[in-house]
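Peer 1: Handing you this structure, nothing more for now.
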Amino acid sequence: MQDRANHRFVVTRHDFSMLLATLRERGYLLLGPTLRDQAIVYDEINGAEDLPAGWTDEQEAGQYKVKRRDDNALFAYNVGPHSWKKFLQLPSLTLWKAQKTDNGFKVEERDEATPRMAFIGVRPCELRAIAVQDQVLTGGDHIDPDYARRRKHAFIVTVQCTQAGNTCFCVSMGTGPRAEEGFDLAVTEIIDTHRHEFVIEAGTDTGAEILARVPHRSASEADWQNAQSATQRTAEQMGRQIETSGIRELLYRNAEHPRWDEVADRCLACTNCTMVCPTCFCTAVEDVTDLAGQTAERIQRWDSCFNSRYSYIHGGIVRPSTRSRYRQWLTHKLAYWHDQFGSSGCVGCGRCISWCPAGIDITEEVAAIRANDGGGMEQGRKTNE
Ligand code: SF4
Ligand code: SF4
């Protein structure tokens, strides 16, 4: 969008509710953060009243909890266990369904109706994760049609991060805490004892058109500086980082590093890290029939490279050990994702750290390998052990 400086506005807390109501009136299904089961999750919401006002979260390796704030901020928390991939690349998707007939079977027509979705509260690292999935699922010769359909209609309201979570490391991955592009609207929440308002930047014509329907004023230079300072402070709070220089080569030359054995001793191969990761995209297909043999369907489900059967190919499992599976996951994310898709597969959201029951921390694992670069080169192990 040309001339972004002229598309910066301020909307009050009251009128922010109108913004979401306007999106609903325009036929969008509102999806956003909401408090459920002691976590901030992404789900269908009716409006601003369903957002987790006054709640924040605390995260550490293997830990996540929500707690009350002393104000009613709408977006003063970091990412939870869900990511937007659950709406774009569905956890379970029926690819086809067939009905038995007298002389064979008939494949039912698929209902391909796709809702127009508005994602409310997409963090900058998550926006980057969506771009990564776009590249993986629609960027090559083989396009995932279901993902492409859902993605095409998504309206994105990004929320710039005004506080860093303990497990975040977006600064070192170059993915946050401020998004500059890829959104329809980008919101910075400003809350103090005197005011509660949102500095909003339109990133597309559709975003500008929606915003025009809501009471607003033009953002002054002071408003804009205020918004910029809020995310600058977030960048300065970031407690974790990955040193990314030469990381691809570092991991390739350390395939036999003893750290892989240490992490494998702790890793439960539970798959949590891949389920919560916003860029992990692996799936498996299952064919299922009903007990009477009248219907059959093929279902695509999220799968994980931590499952031993995931690497099963004719006659055997390629990665039989937890060591080989953890190494494959981390090396894919940070090294050969670059070769395959031209970017890192990690956006620094920290979910895999918080939701790992063993408290395994990807930033610590990379640092340990870097601290003893070349360790274990002499061992001569087979790389799939
Ligand atoms: S690294 Fe943690 S979350 Fe991932 S499979 Fe191992 S134990 Fe589970
Ligand atoms: S690997 Fe971990 S930190 Fe990186 S994007 Fe996935 S869940 Fe987030």
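Labeling convention for the structure tokens: chains A, B, ... as they appear, residues from 1 per chain, ligands from 1 in order of appearance.
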Could you pull out the residues sitting within 9 Å of ligand 2, using only C-alpha atoms and all ligand atoms, and write them as a VMD selection string?
Peer 2: chain A and resid 125 to 126 129 167 to 170 173 273 to 280 329 to 330 333 to 334 344 to 355 361 to 363
Peer 1: For ligand 1, list the contacting residues at 7 Å or closer, counting only C-alpha atoms and all ligand atoms, as an MDAnalysis selection string.
Peer 2: chainID A and resid 266:274 306 326 352 355:360
Peer 1: Restricting the calculation to only C-alpha atoms: of A:Gly207, A:Gly27, A:Gly174, A:Gly315, which residue gets closest to Arg8 of chain A?
Peer 2: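 So, comparing all the options, the nearest one is A:Gly207.
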Peer 1: Excluding same-chain residues fewer than 2 positions from Lys86 of chain A, what lies within 10 Å of it counting only C-alpha atoms, as a list of chain:residue names?
Peer 2: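 Once the nearby chain positions are removed, what remains is A:Tyr42, A:Asp43, A:His82, A:Ser83, A:Trp84, A:Leu88, A:Gln89, A:Leu90, A:Pro91, A:Ser92, A:Met275, A:Val276, A:Pro278, A:Trp302.
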Peer 1: How many Å separate atom CA of Ala202 of chain A from atom CA of Ala113 of chain A?
Peer 2: 28.2 Å
Peer 1: Near Glu243 of chain A, counting only C-alpha atoms, which residues have an atom at most 9 Å away, once you skip same-chain residues fewer than 4 positions from it, shown as a PyMOL selection string?
Peer 2: chain A and resi 172-173+247+363+366-367+370
Peer 1: Limited to C-alpha atoms, could you put the picked residues into a file as an mmCIF file, in the first residue's frame?
Peer 2:
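Written out: result_9.cif:
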```cif
data_model
loop_
_atom_site.group_PDB
_atom_site.id
_atom_site.type_symbol
_atom_site.label_atom_id
_atom_site.label_comp_id
_atom_site.auth_asym_id
_atom_site.auth_seq_id
_atom_site.Cartn_x
_atom_site.Cartn_y
_atom_site.Cartn_z
ATOM 1 C CA SER A 172 17.004 -12.843 16.977
ATOM 2 C CA MET A 173 14.901 -14.520 14.274
ATOM 3 C CA ILE A 247 23.533 -21.796 11.801
ATOM 4 C CA THR A 363 17.620 -21.881 22.135
ATOM 5 C CA VAL A 366 21.560 -24.574 19.652
ATOM 6 C CA ALA A 367 23.758 -22.694 22.133
ATOM 7 C CA ARG A 370 27.652 -23.893 19.197
#
```
Peer 1: Rounded to one decimal, what separation in Å do you get between atom CA of Phe341 of chain A and atom CA of Gln135 of chain A?
Peer 2: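 Between atom CA of Phe341 of chain A and atom CA of Gln135 of chain A the gap is 6.8 Å.
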Peer 1: Let's see if you can do this: from backbone DSSP, list all strand (DSSP E) residues in segment 145-185 of chain A, as a list in words.
Peer 2: Phe155, Ile156, Val157, Thr158, Val159 and Leu185 of chain A
Peer 1: Just N, CA and C atoms for this one: save the residues we selected as a PDB file, in the first residue's frame.
Peer 2:
```
ATOM      1  N   PHE A 155      -8.659 -12.272   6.502  1.00  0.00           N
ATOM      2  CA  PHE A 155      -8.399 -10.858   6.787  1.00  0.00           C
ATOM      3  C   PHE A 155      -7.582 -10.843   8.077  1.00  0.00           C
ATOM      4  N   ILE A 156      -6.445 -10.162   8.064  1.00  0.00           N
ATOM      5  CA  ILE A 156      -5.531 -10.289   9.205  1.00  0.00           C
ATOM      6  C   ILE A 156      -5.405  -8.986   9.981  1.00  0.00           C
ATOM      7  N   VAL A 157      -5.781  -9.070  11.259  1.00  0.00           N
ATOM      8  CA  VAL A 157      -5.560  -7.960  12.189  1.00  0.00           C
ATOM      9  C   VAL A 157      -4.386  -8.362  13.080  1.00  0.00           C
ATOM     10  N   THR A 158      -3.257  -7.764  12.810  1.00  0.00           N
ATOM     11  CA  THR A 158      -2.065  -8.042  13.616  1.00  0.00           C
ATOM     12  C   THR A 158      -2.085  -7.197  14.879  1.00  0.00           C
ATOM     13  N   VAL A 159      -1.574  -7.763  15.962  1.00  0.00           N
ATOM     14  CA  VAL A 159      -1.365  -6.966  17.175  1.00  0.00           C
ATOM     15  C   VAL A 159       0.133  -6.918  17.445  1.00  0.00           C
ATOM     16  N   LEU A 185      -4.692  -4.914   8.891  1.00  0.00           N
ATOM     17  CA  LEU A 185      -4.604  -3.861   9.897  1.00  0.00           C
ATOM     18  C   LEU A 185      -3.571  -4.283  10.932  1.00  0.00           C
TER      19      LEU A 185
END
```
